[in-house]
Amino acid sequence: MAQVFMKEEGGEYYTWPSSEFSVLSEAKLGAGKLVLRPRGFGQPHYADSSKIGYVVQGSCTVGLISGNDSEETVLKINEGDAIAVPLGVISWLFNGGDSDLIMVFLGETSQAYTPGIFSYFFLTGAMGVLTGFSPEFVSKVYGITEKESKTLQISQTAKLISKLDDGIKLPEPSIRISQKFAFNLDHNDCSSFNFNAAENSPFELSANLVKLDAGSVFGPVFTKDSSFQMIYVIRGSGRIQIVGGNGKLALDSEMEAGQLFVVPKFFVAVQIADGQGMECFSVVTSSKPRFGRLTGNASAWETLPSSLVQASLNVTPQLVKLLKSEN
């Protein structure tokens with residue numbers, strides 16, 4: 001489970017530290033969870049990693065400024081929405097509702113200072129970049145007095161998340177959703193999206209949302225390229241098995257809400273939902289992932305001739321026929 005990294009009046013931020021989840025640093029992946037209380041404000045920041053955030057609960061306003069834009073994009077995102085935050089994009093979040101916002105962020109850390117960890121650079125607050133400069137430098141940069149510079153540097157005492165007074169008004173969303181940054185996943189039992197075609201610069205991540213009814217099965221499935229997959233359990237419970245090279249079982253685990261799983265490249269995974277069903281959000285480290293399936297109409301068993309399947313499995317024609325019909 002995620003661990004509390006920072007807790008402030010406006011909310012909390014949780015991480016899966018690579019020191020305890022070594023697979024994240026080994027695969028150069030990263031994950032975090034944000035909770036914004038009502039009137040909670042995530043300070044303007046950018047990061048050394050690209051990631052996709054999924055709204056597990058609630059809604060919020062998000063502002064983003066990409067490197068090539070001279071204007072800000074302000075969006076309203078709700079439960080079921082996903083939002084892409086490319087490396088270096090400045091963003092902020094505000095919960096103007098009356099209930100908590102919960103978002104999970106999954107991404108890659110191949111260019112991060114510390115593999116396995118998202119490193120954030122805040123423009124404001126007690127950890128903001130302005131606090132590191134001397135008042136003399138700040139005064140010369142912005143054309144203000146050193147006294148005003150000190151006020152600029154120390155007035156915001158929150159580190160990551162502050163709570164805004166009711167009288168403070170932030171920019172209103174200009175659009176409900178934007179194909180450039182966001183997409184709604186919560187519309188069917190298995191949906192996916194990628195942002196690479198919408199961004200001028202490559203964004204090598206894509207996402208999937210899988211909803212399983214009670215007792216339903218997803219898989220066996222594997223990535224046909226060199227991409228990893230991270231799976232976050234949104235709600236419900238179930239079980240997952242992952243098989244790697246030489247037919248070795250790499251993982252056999254229960255799945256519960258709030259847990260994070262990593263499927264290594266080329267490994268084959270199967271998820272089975274318990275009696276209450278299960279819903280999972282996953283991110284793949286490819287903008288155009290290629291999946292291989294061992295069940296369904298597009299599976300290898302269905303494509304291969306029956307005689308070849310019989311010879312490969314060393315079974316009777318009747319069992320092959322049953323396998324293909326059930327498949």
# chains A, B, ... in the order shown; residues from 1 in each chain; ligands from 1
$ residues_around --residues "Glu302 in chain A" --least-positions-apart "5" --cutoff "8 Å" --atoms "only C-alpha atoms" --output "list in words"
Thr295, Gly296, Asn297, Lys324 and Asn327 of chain A
$ select_by_dssp --residues "range 247-316 of chain A" --states "strand (DSSP E or B)" --output "PyMOL selection string"
chain A and resi 249-256+260-263+268-284+291-293
$ write_last_selection --atoms "C-alpha atoms" --output "PDB file, in the first residue's frame"
ATOM      1  CA  LEU A 249       4.962 -18.379 -11.606  1.00  0.00           C
ATOM      2  CA  ALA A 250       6.305 -14.929 -10.712  1.00  0.00           C
ATOM      3  CA  LEU A 251       3.367 -13.741  -8.594  1.00  0.00           C
ATOM      4  CA  ASP A 252       0.214 -15.212  -7.066  1.00  0.00           C
ATOM      5  CA  SER A 253      -1.504 -12.567  -4.952  1.00  0.00           C
ATOM      6  CA  GLU A 254      -4.826 -11.301  -3.691  1.00  0.00           C
ATOM      7  CA  MET A 255      -5.866  -7.915  -5.114  1.00  0.00           C
ATOM      8  CA  GLU A 256      -7.503  -5.255  -2.939  1.00  0.00           C
ATOM      9  CA  LEU A 260      -0.407  -1.476  -6.959  1.00  0.00           C
ATOM     10  CA  PHE A 261       0.964  -4.269  -9.155  1.00  0.00           C
ATOM     11  CA  VAL A 262       3.643  -4.278 -11.867  1.00  0.00           C
ATOM     12  CA  VAL A 263       3.619  -6.698 -14.803  1.00  0.00           C
ATOM     13  CA  VAL A 268       1.647 -13.008 -18.896  1.00  0.00           C
ATOM     14  CA  ALA A 269      -0.998 -11.908 -16.376  1.00  0.00           C
ATOM     15  CA  VAL A 270      -4.497 -13.092 -15.444  1.00  0.00           C
ATOM     16  CA  GLN A 271      -6.889 -11.222 -13.144  1.00  0.00           C
ATOM     17  CA  ILE A 272      -9.979 -12.832 -11.601  1.00  0.00           C
ATOM     18  CA  ALA A 273     -12.569 -10.763  -9.733  1.00  0.00           C
ATOM     19  CA  ASP A 274     -14.078 -11.875  -6.425  1.00  0.00           C
ATOM     20  CA  GLY A 275     -17.779 -11.903  -5.621  1.00  0.00           C
ATOM     21  CA  GLN A 276     -18.042  -8.103  -5.496  1.00  0.00           C
ATOM     22  CA  GLY A 277     -16.324  -7.514  -8.825  1.00  0.00           C
ATOM     23  CA  MET A 278     -13.218  -5.427  -9.401  1.00  0.00           C
ATOM     24  CA  GLU A 279     -12.175  -2.236 -11.194  1.00  0.00           C
ATOM     25  CA  CYS A 280      -8.551  -1.503 -12.136  1.00  0.00           C
ATOM     26  CA  PHE A 281      -6.712   1.419 -13.727  1.00  0.00           C
ATOM     27  CA  SER A 282      -3.488   0.608 -15.520  1.00  0.00           C
ATOM     28  CA  VAL A 283      -0.764   2.508 -17.350  1.00  0.00           C
ATOM     29  CA  VAL A 284       1.508   0.992 -19.999  1.00  0.00           C
ATOM     30  CA  PHE A 291      -0.945  -6.797 -26.545  1.00  0.00           C
ATOM     31  CA  GLY A 292      -0.902 -10.531 -27.024  1.00  0.00           C
ATOM     32  CA  ARG A 293      -3.868 -12.560 -25.787  1.00  0.00           C
TER      33      ARG A 293
END
$ closest_residue --among "A:Leu64, A:Ala84, A:Ile77, A:Leu24" --to "Gly97 in chain A" --atoms "only C-alpha atoms"
A:Ile77
$ atom_distance --atom1 "CA of Gly96 in chain A" --atom2 "CA of Leu34 in chain A"
15.2 Å
$ atom_distance --atom1 "CA of Ser155 in chain A" --atom2 "CA of Gly88 in chain A"
25.3 Å
$ atom_distance --atom1 "CA of Ser99 in chain A" --atom2 "CA of Thr61 in chain A"
13.6 Å
$ residues_around --residues "Tyr120 in chain A" --least-positions-apart "3" --cutoff "8 Å" --atoms "only C-alpha atoms" --output "list in words"
His45, Tyr46, Ala47 and Asp48 of chain A
$ closest_residue --among "A:Lys140, A:Lys288, A:Arg37, A:Lys7" --to "Glu204 in chain A" --atoms "only C-alpha atoms"
A:Lys288
$ closest_residue --among "A:Gly215, A:Pro38, A:Pro44, A:Pro289" --to "Lys163 in chain A" --atoms "only C-alpha atoms"
A:Pro38
$ select_by_dssp --residues "range 4-83 of chain A" --states "helix (DSSP H, G or I)" --output "CSV table (one decimal) with N, CA, C and O atoms, in the first residue's frame"
chain,number,residue,atom,x,y,z
A,22,SER,N,11.0,-2.2,-4.8
A,22,SER,CA,12.2,-2.1,-5.6
A,22,SER,C,11.9,-2.3,-7.1
A,22,SER,O,12.6,-1.8,-8.0
A,23,VAL,N,10.7,-3.0,-7.4
A,23,VAL,CA,10.4,-3.2,-8.8
A,23,VAL,C,10.2,-1.8,-9.6
A,23,VAL,O,10.4,-1.7,-10.8
A,24,LEU,N,9.7,-0.8,-8.8
A,24,LEU,CA,9.5,0.5,-9.5
A,24,LEU,C,10.8,1.1,-9.9
A,24,LEU,O,10.9,1.6,-11.1
A,25,SER,N,11.8,1.1,-9.1
A,25,SER,CA,13.1,1.7,-9.5
A,25,SER,C,13.8,0.8,-10.6
A,25,SER,O,14.4,1.3,-11.5
A,26,GLU,N,13.6,-0.5,-10.5
A,26,GLU,CA,14.3,-1.4,-11.4
A,26,GLU,C,13.6,-1.2,-12.8
A,26,GLU,O,14.4,-1.3,-13.8
A,27,ALA,N,12.3,-1.0,-12.9
A,27,ALA,CA,11.6,-0.8,-14.1
A,27,ALA,C,11.5,0.6,-14.5
A,27,ALA,O,10.9,0.9,-15.6
$ residues_around --residues "Ser306 in chain A" --least-positions-apart "2" --cutoff "9 Å" --atoms "only C-alpha atoms" --output "short mmCIF file (atom, residue, chain, number, x, y, z; two decimals) with N, CA and C atoms, in the first residue's frame"
data_model
loop_
_atom_site.label_atom_id
_atom_site.label_comp_id
_atom_site.auth_asym_id
_atom_site.auth_seq_id
_atom_site.Cartn_x
_atom_site.Cartn_y
_atom_site.Cartn_z
N TRP A 301 -4.54 -19.05 -29.76
CA TRP A 301 -5.21 -20.35 -29.90
C TRP A 301 -6.27 -20.32 -31.01
N GLU A 302 -6.95 -19.20 -31.13
CA GLU A 302 -7.99 -19.08 -32.14
C GLU A 302 -7.39 -18.92 -33.53
N THR A 303 -6.25 -18.27 -33.61
CA THR A 303 -5.62 -18.01 -34.91
C THR A 303 -4.90 -19.24 -35.46
N LEU A 304 -4.23 -19.98 -34.59
CA LEU A 304 -3.47 -21.14 -35.04
C LEU A 304 -4.40 -22.26 -35.53
N LEU A 308 -2.19 -27.73 -35.49
CA LEU A 308 -0.98 -27.22 -34.86
C LEU A 308 -1.18 -27.09 -33.35
N VAL A 309 -2.37 -26.64 -32.93
CA VAL A 309 -2.67 -26.55 -31.50
C VAL A 309 -2.62 -27.94 -30.87
N GLN A 310 -3.19 -28.94 -31.56
CA GLN A 310 -3.19 -30.31 -31.05
C GLN A 310 -1.77 -30.83 -30.88
N ALA A 311 -0.93 -30.57 -31.89
CA ALA A 311 0.45 -31.05 -31.83
C ALA A 311 1.23 -30.33 -30.73
N PRO A 317 -8.09 -34.15 -30.39
CA PRO A 317 -8.82 -33.17 -31.20
C PRO A 317 -10.07 -32.65 -30.49
N VAL A 320 -9.05 -29.85 -28.20
CA VAL A 320 -8.74 -28.66 -29.00
C VAL A 320 -10.02 -27.97 -29.44
N LYS A 321 -10.99 -28.76 -29.89
CA LYS A 321 -12.27 -28.20 -30.32
C LYS A 321 -12.96 -27.49 -29.16
N LYS A 324 -11.11 -24.18 -28.40
CA LYS A 324 -11.42 -23.12 -29.36
C LYS A 324 -12.84 -22.63 -29.21
#
